[in-house]
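Participant: Okay, here's the structure, questions in a sec.
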Amino acid sequence: MSETAAQRTAPLRARAEIDLAALRANVRALRERARGAAVMAVVKADAYGHGALPCARAAVAAGATWLGTATPQEALALRAADGIPADVRIMCWLWTPGGPWREGVEAGLDMSVSGMWALAEVTEAARLAGRPARVQLKADTGLGRGGCQPGEDWAELVGEALRAEREGLLRITGLWSHFACADEPGHPSIAAQLTRFREMVAYAEGQGVRPEVRHIANSPATLTLPEAHFDLVRPGIAMYGISPSPEIGTPADLGLRPVMTLTASVALVKQVPGGHGVSYGHRYTTPGRTTLGLIPLGYADGIPRHASSTGPVLVDGKWRTVAGRIAMDQFVVDLGGDEPEPGAEAVLFGPGDRGEPTAEDWAQAAGTIAYEIVTRIGPRVPRVHLNEAPAGDHPVNERRAG
């Protein structure tokens with residue numbers, strides 16, 4: 001029995017099954033949408049809670065030629081891992097003063113620079129490392145987070161980066177930005193940001209920058225804005241089979257399949273009389289004699305407390321709703337008199353094929369977004385990765401075959 005099969009059949013309090021075949025299919029679908037542009041698979045935050053290394057390998061096998069992370073530590077861990085071909089570029093963008101710039105230079109990471117302090121630190125790291133840094137200049141085209149402001153700030157950053165490039169301290173490998181409202185089709189900021197990005201790229205190229213890639217498209221832009229694809233697209237949440245927003249469409253509408261299925265074993269089933277209070281604060285009281293099921297997951301596992309009394313769960317083939325407050329380690333559902341055996345499967349969310357809730361259903365119940373639902377599932381929940389590529393399939397071969 002393989003390790004994956006053993007994991008799947010072992011009794012567990014809870015598990016998050018990660019369907020890597022679905023992830024590979026999603027990456028291929030996104031490549032089709034972005035025809036002509038390369039794909040950066042964003043695997044930050046442990047691949048949105050799905051497991052960074054297995055998901056990175058699967059994405060590369062399906063044709064992604066770049067990997068993206070937020071922190072340099074995430075990127076360095078990927079570069080040091082087995083199974084990621086050396087020709088796959090890895091970019092990271094969330095740097096703070098004193099960050100591991102030299103390690104990034106030596107690992108050949110693509111490092112984002114938004115301001116002069118970062119440019120100074122990365123060039124000094126390149127001097128110490130004795131090799132040029134791979135640097136991507138980020139433009140703030142209207143999101144107002146990271147990125148360099150247009151005008152004098154951009155001119156100074158571009159000019160100093162070119163000076164460092166002439167000195168052999170760095171290579172400007174990319175010009176990039178990020179959308180604020182691409183998940184809201186028709187929002188006026190989308191066109192404004194695209195115009196500003198084109199202007200800032202044109203200025204940099206007019207000064208002599210020759211980037212390998214120009215990119216601004218996140219998941220919603222990859223799916224809906226072909227004019228924003230440029231040389232590279234950066235799908236994140238869409239790679240995991242989740243729609244960036246209901247306004248854009250369901251995963252099925254977009255040709256995607258959710259990758260994570262979260263289940264738990266029912267820990268206890270018991271009969272209680274009517275008028276029985278349930279969980280902290282007795283925000284739920286049984287309307288009559290009924291059965292209660294105990295689900296051994298709570299907010300310490302990432303189940304949002306805001307979904308108390310509203311979160312959906314499939315138990316014994318029927319939708320149930322969280323009864324009362326979600327606690328740190330557990331919550332209760334009212335089974336309405338049904339009596340499944342302890343150990344019966346409770347499905348919190350999945351693709352929806354079996355009638356189970358989806359991550360979007362939990363997002364609606366908690367008043368948040370599906371990104372948060374999958375990303376916050378904690379380390380106490382084992383990830384069981386299913387449908388890994390056959391050992392004989394070399395990721396580079398499959399990627400190039402596409």
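Residue numbers start at 1 in each chain; chains themselves are named A, B, ... in the order of the structure tokens; ligands are numbered from 1 in the order shown.
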Near A:Gly236, within 7 Å and counting only C-alpha atoms, which residues show up once chain neighbours fewer than 6 positions away are dropped, as a PyMOL selection string?
Facilitator: chain A and resi 41-42+218-219
Participant: Let's have the selection written as a PDB file, in the first residue's frame, with N, CA and C atoms.
Facilitator:
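Result written to selection01.pdb:
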ATOM      1  N   ALA A  41       2.443  29.967 -11.137  1.00  0.00           N
ATOM      2  CA  ALA A  41       1.553  29.348 -10.148  1.00  0.00           C
ATOM      3  C   ALA A  41       1.868  29.941  -8.781  1.00  0.00           C
ATOM      4  N   VAL A  42       0.904  30.627  -8.208  1.00  0.00           N
ATOM      5  CA  VAL A  42       1.126  31.276  -6.912  1.00  0.00           C
ATOM      6  C   VAL A  42       0.861  30.260  -5.799  1.00  0.00           C
ATOM      7  N   ASN A 218      -3.797  38.828 -12.102  1.00  0.00           N
ATOM      8  CA  ASN A 218      -4.048  37.850 -11.047  1.00  0.00           C
ATOM      9  C   ASN A 218      -5.109  36.865 -11.543  1.00  0.00           C
ATOM     10  N   SER A 219      -5.705  36.083 -10.630  1.00  0.00           N
ATOM     11  CA  SER A 219      -6.696  35.089 -11.072  1.00  0.00           C
ATOM     12  C   SER A 219      -7.856  35.706 -11.853  1.00  0.00           C
TER      13      SER A 219
END
Participant: List as a PyMOL selection string the protein and nucleic acid residues near A:Gly378, meaning an atom at most 8 Å away when only C-alpha atoms are counted, but skip any in the same chain fewer than 6 places from it.
Facilitator: chain A and resi 49+300-302
Participant: Give the alpha helix (DSSP H) residues of stretch 183-286 of chain A, as DSSP finds them on the backbone, and put them as a ChimeraX atom specification.
Facilitator: /A:188-206,219-224
Participant: Give the answer as one residue: which of A:Ala202, A:Val233, A:Ala133, A:Leu223 has the shortest atom-to-atom distance to A:Leu254, using only C-alpha atoms?
Facilitator: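 Ranked by minimum distance to A:Leu254, first place goes to A:Leu223.
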Participant: Using only C-alpha atoms, which of the listed residues (A:Tyr240, A:Phe197, A:Trp176, A:Trp154) sits closest to A:Pro351?
Facilitator: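 Of A:Tyr240, A:Phe197, A:Trp176, A:Trp154, the one nearest A:Pro351 is A:Tyr240, counting only C-alpha atoms.
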Participant: Any idea what's packed within 10 Å of A:Glu341, counting only C-alpha atoms, ignoring anything in its chain fewer than 2 positions away? Could you give it as a ChimeraX atom specification?
Facilitator: /A:265-269,293,316,338-339,343-345
Participant: Keeping only C-alpha atoms, write the selected residues as a PDB file, in the first residue's frame.
Facilitator:
ATOM      1  CA  SER A 265     -15.306  11.900  11.676  1.00  0.00           C
ATOM      2  CA  VAL A 266     -18.443  12.395  13.758  1.00  0.00           C
ATOM      3  CA  ALA A 267     -17.145  12.027  17.319  1.00  0.00           C
ATOM      4  CA  LEU A 268     -20.420  11.496  19.183  1.00  0.00           C
ATOM      5  CA  VAL A 269     -24.138  11.071  18.476  1.00  0.00           C
ATOM      6  CA  GLY A 293     -23.722  15.148  16.383  1.00  0.00           C
ATOM      7  CA  ASP A 316     -25.281  11.026   6.445  1.00  0.00           C
ATOM      8  CA  ASP A 338     -31.225  10.721  12.571  1.00  0.00           C
ATOM      9  CA  GLU A 339     -28.596   8.555  14.241  1.00  0.00           C
ATOM     10  CA  GLY A 343     -17.140   7.787  12.901  1.00  0.00           C
ATOM     11  CA  ALA A 344     -19.550   8.663  10.106  1.00  0.00           C
ATOM     12  CA  GLU A 345     -18.127  11.152   7.641  1.00  0.00           C
TER      13      GLU A 345
END
Participant: So that I can see what lies close to stretch 113-122 of chain A, please list as number ranges by chain the residues with an atom at most 9 Å from it, counting only C-alpha atoms and leaving out residues fewer than 5 positions away in the same chain.
Facilitator: A: 93, 95-99, 101-102, 104-105, 127, 133, 135-140, 146-149, 153-154, 156-157, 160-161, 169-170
Participant: Just list the residues in stretch 166-314 of chain A DSSP gives strand (DSSP E or B) on the backbone, as a ChimeraX atom specification.
Facilitator: /A:170-176,213-215,217,232-233,260-265,268-272,277-278,284-285,290-295,312-314
Participant: Separation of atom CA of A:Ala62 and atom CA of A:Ala221, in Å?
Facilitator: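 For atom CA of A:Ala62 relative to atom CA of A:Ala221, the distance reads 20.1 Å.
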Participant: Which of these residues is nearest to A:Arg257, using only C-alpha atoms: A:Ala155, A:Asp231, A:Gly352, A:Ala180?
Facilitator: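 For A:Arg257, the nearest of the candidates is A:Gly352.
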Participant: Compile the contact shell of A:Gly281 as a PyMOL selection string: residues with an atom at most 10 Å away, counting only C-alpha atoms, same-chain residues fewer than 3 positions apart removed.
Facilitator: chain A and resi 277-278+284+324-325
Participant: For A:Gln207, please output as a list in words all residues within 8 Å (counting only C-alpha atoms; exclusion window: fewer than 4 positions along the same chain).
Facilitator: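 Selected residues are Val158, Gly159 and Tyr203 of chain A.
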Participant: Please produce an output containing N, CA and C atoms for each residue in the selection, written as an mmCIF file, in the first residue's frame.
Facilitator:
data_model
loop_
_atom_site.group_PDB
_atom_site.id
_atom_site.type_symbol
_atom_site.label_atom_id
_atom_site.label_comp_id
_atom_site.auth_asym_id
_atom_site.auth_seq_id
_atom_site.Cartn_x
_atom_site.Cartn_y
_atom_site.Cartn_z
ATOM 1 N N VAL A 158 13.807 53.443 -11.495
ATOM 2 C CA VAL A 158 14.246 52.886 -12.768
ATOM 3 C C VAL A 158 15.679 53.312 -13.073
ATOM 4 N N GLY A 159 15.974 54.588 -12.868
ATOM 5 C CA GLY A 159 17.314 55.092 -13.165
ATOM 6 C C GLY A 159 18.388 54.418 -12.330
ATOM 7 N N TYR A 203 7.731 53.909 -19.991
ATOM 8 C CA TYR A 203 8.797 54.792 -19.500
ATOM 9 C C TYR A 203 10.057 53.978 -19.206
#
